[in-house]
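*Asks:* Got a file for you: my_file06.csv, CSV, C-alpha atoms.
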chain,number,residue,atom,x,y,z
A,1,MET,CA,151.7,22.8,181.0
A,2,ASN,CA,150.2,25.4,183.2
A,3,LYS,CA,150.4,28.0,180.4
A,4,GLU,CA,148.4,25.7,178.0
A,5,LYS,CA,145.5,25.5,180.4
A,6,ASN,CA,145.2,29.3,180.6
A,7,ILE,CA,145.0,29.8,176.8
A,8,SER,CA,141.5,30.3,175.5
A,9,GLU,CA,140.1,28.3,172.6
A,10,GLU,CA,140.0,31.4,170.4
A,11,ARG,CA,143.7,32.0,171.1
A,12,LYS,CA,144.4,28.4,170.2
A,13,LYS,CA,142.5,28.7,167.0
A,14,TYR,CA,144.3,31.9,166.1
A,15,LEU,CA,147.7,30.3,166.8
A,16,ARG,CA,146.8,27.2,164.7
A,17,LYS,CA,145.7,29.5,161.8
A,18,GLN,CA,149.0,31.5,162.0
A,19,THR,CA,151.0,28.2,162.0
A,20,ASN,CA,148.9,26.9,159.0
A,21,ASN,CA,149.5,30.2,157.1
A,22,LYS,CA,153.3,30.0,157.7
A,23,ILE,CA,153.3,26.4,156.4
A,24,LEU,CA,151.2,27.4,153.4
A,25,VAL,CA,153.6,30.2,152.6
A,26,LYS,CA,156.6,27.8,152.8
A,27,VAL,CA,154.9,25.2,150.6
A,28,VAL,CA,154.0,27.8,147.9
A,29,GLN,CA,157.5,29.2,148.0
A,30,PHE,CA,159.0,25.7,147.6
A,31,SER,CA,156.5,24.9,144.8
A,32,ILE,CA,157.5,28.1,142.9
A,33,VAL,CA,161.2,27.2,143.1
A,34,ILE,CA,160.5,23.6,141.9
A,35,GLY,CA,158.2,24.9,139.1
A,36,LEU,CA,160.9,27.3,137.9
A,37,ILE,CA,163.5,24.6,137.9
A,38,LEU,CA,161.2,22.3,136.0
A,39,LEU,CA,160.4,25.0,133.5
A,40,TRP,CA,164.1,25.7,133.1
A,41,GLU,CA,164.8,22.0,132.4
A,42,ILE,CA,161.9,21.7,129.9
A,43,LEU,CA,163.0,24.8,128.0
A,44,ALA,CA,166.6,23.6,127.9
A,45,ASN,CA,165.5,20.2,126.6
A,46,LYS,CA,163.2,21.7,123.9
A,47,GLY,CA,166.0,24.0,122.8
A,48,ILE,CA,164.1,27.1,123.5
A,49,ILE,CA,166.9,28.4,125.7
A,50,ASP,CA,170.6,27.6,124.9
A,51,SER,CA,171.7,25.0,127.4
A,52,PHE,CA,175.3,25.9,126.7
A,53,ILE,CA,174.8,29.4,128.0
A,54,MET,CA,172.1,28.9,130.7
A,55,SER,CA,173.1,25.3,131.5
A,56,GLN,CA,170.5,22.9,132.6
A,57,PRO,CA,169.4,21.7,136.1
A,58,SER,CA,170.2,18.0,135.2
A,59,ARG,CA,173.7,19.0,134.1
A,60,ILE,CA,174.3,20.9,137.3
A,61,VAL,CA,173.1,17.9,139.4
A,62,LYS,CA,175.4,15.6,137.5
A,63,THR,CA,178.3,18.0,138.1
A,64,PHE,CA,177.6,18.1,141.8
A,65,LEU,CA,177.4,14.4,141.9
A,66,ASN,CA,180.8,14.1,140.3
A,67,LEU,CA,182.5,16.7,142.5
A,68,SER,CA,185.5,14.5,143.1
A,69,GLN,CA,186.3,14.4,139.4
A,70,ASN,CA,188.5,17.1,137.9
A,71,ASN,CA,189.4,18.4,141.4
A,72,LEU,CA,186.2,20.6,141.5
A,73,LEU,CA,186.1,20.3,145.3
A,74,GLU,CA,189.7,21.6,145.5
A,75,HIS,CA,188.8,24.5,143.2
A,76,ILE,CA,185.8,25.4,145.4
A,77,LYS,CA,187.9,25.2,148.5
A,78,VAL,CA,190.6,27.5,147.0
A,79,THR,CA,187.9,30.0,145.8
A,80,CYS,CA,186.2,30.1,149.3
A,81,LEU,CA,189.6,30.4,151.0
A,82,GLU,CA,190.7,33.3,148.7
A,83,THR,CA,187.3,35.0,149.2
A,84,LEU,CA,187.6,34.7,153.0
A,85,ILE,CA,191.2,35.9,153.0
A,86,GLY,CA,190.4,38.8,150.8
A,87,PHE,CA,187.4,39.8,153.0
A,88,LEU,CA,189.4,39.6,156.2
A,89,LEU,CA,192.4,41.4,154.7
A,90,GLY,CA,190.2,44.2,153.3
A,91,THR,CA,188.3,44.5,156.6
A,92,PHE,CA,191.5,44.6,158.6
A,93,LEU,CA,193.2,47.1,156.4
A,94,GLY,CA,190.0,49.3,156.2
A,95,ALA,CA,189.8,49.3,160.0
A,96,VAL,CA,193.5,50.2,160.4
A,97,ILE,CA,193.2,53.0,157.9
A,98,ALA,CA,190.0,54.3,159.5
A,99,ILE,CA,191.7,54.3,162.9
A,100,MET,CA,194.7,56.1,161.5
A,101,LEU,CA,192.5,58.7,159.9
A,102,TRP,CA,190.5,59.1,163.1
A,103,TRP,CA,193.6,59.6,165.3
A,104,SER,CA,195.6,61.9,163.0
A,105,LYS,CA,193.8,65.1,162.0
A,106,PHE,CA,196.7,66.0,159.6
A,107,LEU,CA,196.5,62.6,157.8
A,108,SER,CA,192.7,63.0,157.7
A,109,LYS,CA,192.9,66.4,156.1
A,110,VAL,CA,195.6,65.2,153.5
A,111,ALA,CA,193.6,62.1,152.5
A,112,GLU,CA,190.1,63.7,152.4
A,113,PRO,CA,190.0,64.9,148.7
A,114,PHE,CA,191.5,61.6,147.6
A,115,LEU,CA,188.9,59.6,149.5
A,116,VAL,CA,186.1,61.7,148.2
A,117,VAL,CA,187.2,61.1,144.6
A,118,LEU,CA,187.7,57.3,145.3
A,119,ASN,CA,184.2,57.1,146.9
A,120,SER,CA,182.6,58.8,143.9
A,121,LEU,CA,184.2,56.4,141.3
A,122,PRO,CA,182.3,53.3,140.3
A,123,LYS,CA,183.7,50.3,142.1
A,124,VAL,CA,184.3,48.5,138.7
A,125,ALA,CA,186.7,51.3,137.7
A,126,LEU,CA,188.9,50.4,140.7
A,127,ARG,CA,190.0,47.0,139.2
A,128,THR,CA,193.7,46.3,139.5
A,129,SER,CA,194.2,45.0,135.9
A,130,TYR,CA,192.5,45.6,132.6
A,131,ASN,CA,191.1,42.7,130.7
A,132,TYR,CA,188.2,42.1,128.4
A,133,MET,CA,186.5,39.5,130.7
A,134,GLY,CA,185.2,37.6,127.7
A,135,ARG,CA,183.9,40.6,125.8
A,136,SER,CA,186.5,40.6,122.9
A,137,ARG,CA,185.4,40.5,119.3
A,138,ASN,CA,187.3,37.3,118.6
A,139,ALA,CA,189.2,34.6,120.5
A,140,SER,CA,192.6,35.8,119.5
A,141,ASN,CA,192.1,39.2,120.9
A,142,HIS,CA,193.0,38.5,124.5
A,143,ASN,CA,195.8,40.5,126.0
A,144,ASN,CA,196.3,38.6,129.3
A,145,GLY,CA,195.5,41.5,131.6
A,146,THR,CA,197.8,44.0,130.0
A,147,ASN,CA,196.5,47.1,128.2
A,148,ASP,CA,198.5,47.4,125.0
A,149,PHE,CA,197.7,50.5,122.9
A,150,ILE,CA,198.0,48.5,119.7
A,151,ASN,CA,195.5,45.8,119.5
A,152,SER,CA,192.9,45.0,116.9
A,153,ASN,CA,190.2,47.3,118.4
A,154,ASN,CA,192.5,50.3,118.5
A,155,ILE,CA,193.9,49.6,115.1
A,156,ARG,CA,190.4,49.5,113.7
A,157,ASN,CA,189.6,52.9,115.5
A,158,ILE,CA,192.8,54.4,114.0
A,159,LYS,CA,191.9,53.3,110.5
A,160,TRP,CA,188.4,54.8,110.9
A,161,PHE,CA,189.9,58.0,112.3
A,162,LEU,CA,192.3,58.4,109.4
A,163,LYS,CA,189.7,57.5,106.8
A,164,TYR,CA,187.1,60.1,107.9
A,165,ARG,CA,189.6,62.8,109.0
Go through the file and emit its structure as structure tokens.
*Replies:*
Amino acid sequence: MNKEKNISEERKKYLRKQTNNKILVKVVQFSIVIGLILLWEILANKGIIDSFIMSQPSRIVKTFLNLSQNNLLEHIKVTCLETLIGFLLGTFLGAVIAIMLWWSKFLSKVAEPFLVVLNSLPKVALRTSYNYMGRSRNASNHNNGTNDFINSNNIRNIKWFLKYR
């Protein structure tokens, strides 16, 4: 209470103005988000955007309201658990490897060129299995994570190579 008495009127006006500006910023940000969601819903209803690909806010809300159906909550729980375990395992292993490299000068010298090469590679190239991730030419062209030399894309390339050789 004593501090409030010592604040001048100009300072009080300044603080009120700062508070009002913060509130205005939040209201405008919230309005933009609501406006974008409404625009998304309208465009999906009019068929301007494909609601199968981009979904629709009303469909998303219906899905969240029916979370108990089709075990969606269970799937979300498993995904979050797997993400957390992967993060913790990767962090732990990274810290252990870093400590080992820090303690052992020999191991550090041996691993240095390999670590430099791994660091320069794009992280997407470090995936453990090869799959098309939905980018195949037709639905029957899935190879379940294995990379077979003979599939329809490679056969097509071989035919082209032999034709124009």
*Asks:* Distance atom CA of A:Glu9-atom CA of A:Ile23, one decimal place?
*Replies:*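 Answer for the atom CA of A:Glu9 to atom CA of A:Ile23 separation: 21.0 Å.
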*Asks:* Report, in Å with one decimal, the straight-line distance from atom CA of A:Thr63 to atom CA of A:His75.
*Replies:* 13.4 Å
*Asks:* What is the atom CA of A:Phe64 to atom CA of A:Leu81 distance in Å?
*Replies:*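 These two atoms are separated by 19.5 Å.
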*Asks:* Using all atoms listed in the file for the distances, tell me which of A:Pro57, A:Ser31, A:Met100, A:Lys26 is nearest to A:Leu43.
*Replies:*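 Smallest distance to A:Leu43 is found for A:Pro57.
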*Asks:* So that I can see what lies close to A:Asn45, please list as a list in words the residues with an atom at most 12 Å from it, counting all atoms listed in the file and leaving out residues fewer than 5 positions away in the same chain.
*Replies:*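 Here the qualifying residues turn out to be Leu38, Leu39, Trp40, Asp50, Ser51, Phe52, Met54, Ser55, Gln56, Pro57, Ser58 and Arg59 of chain A.
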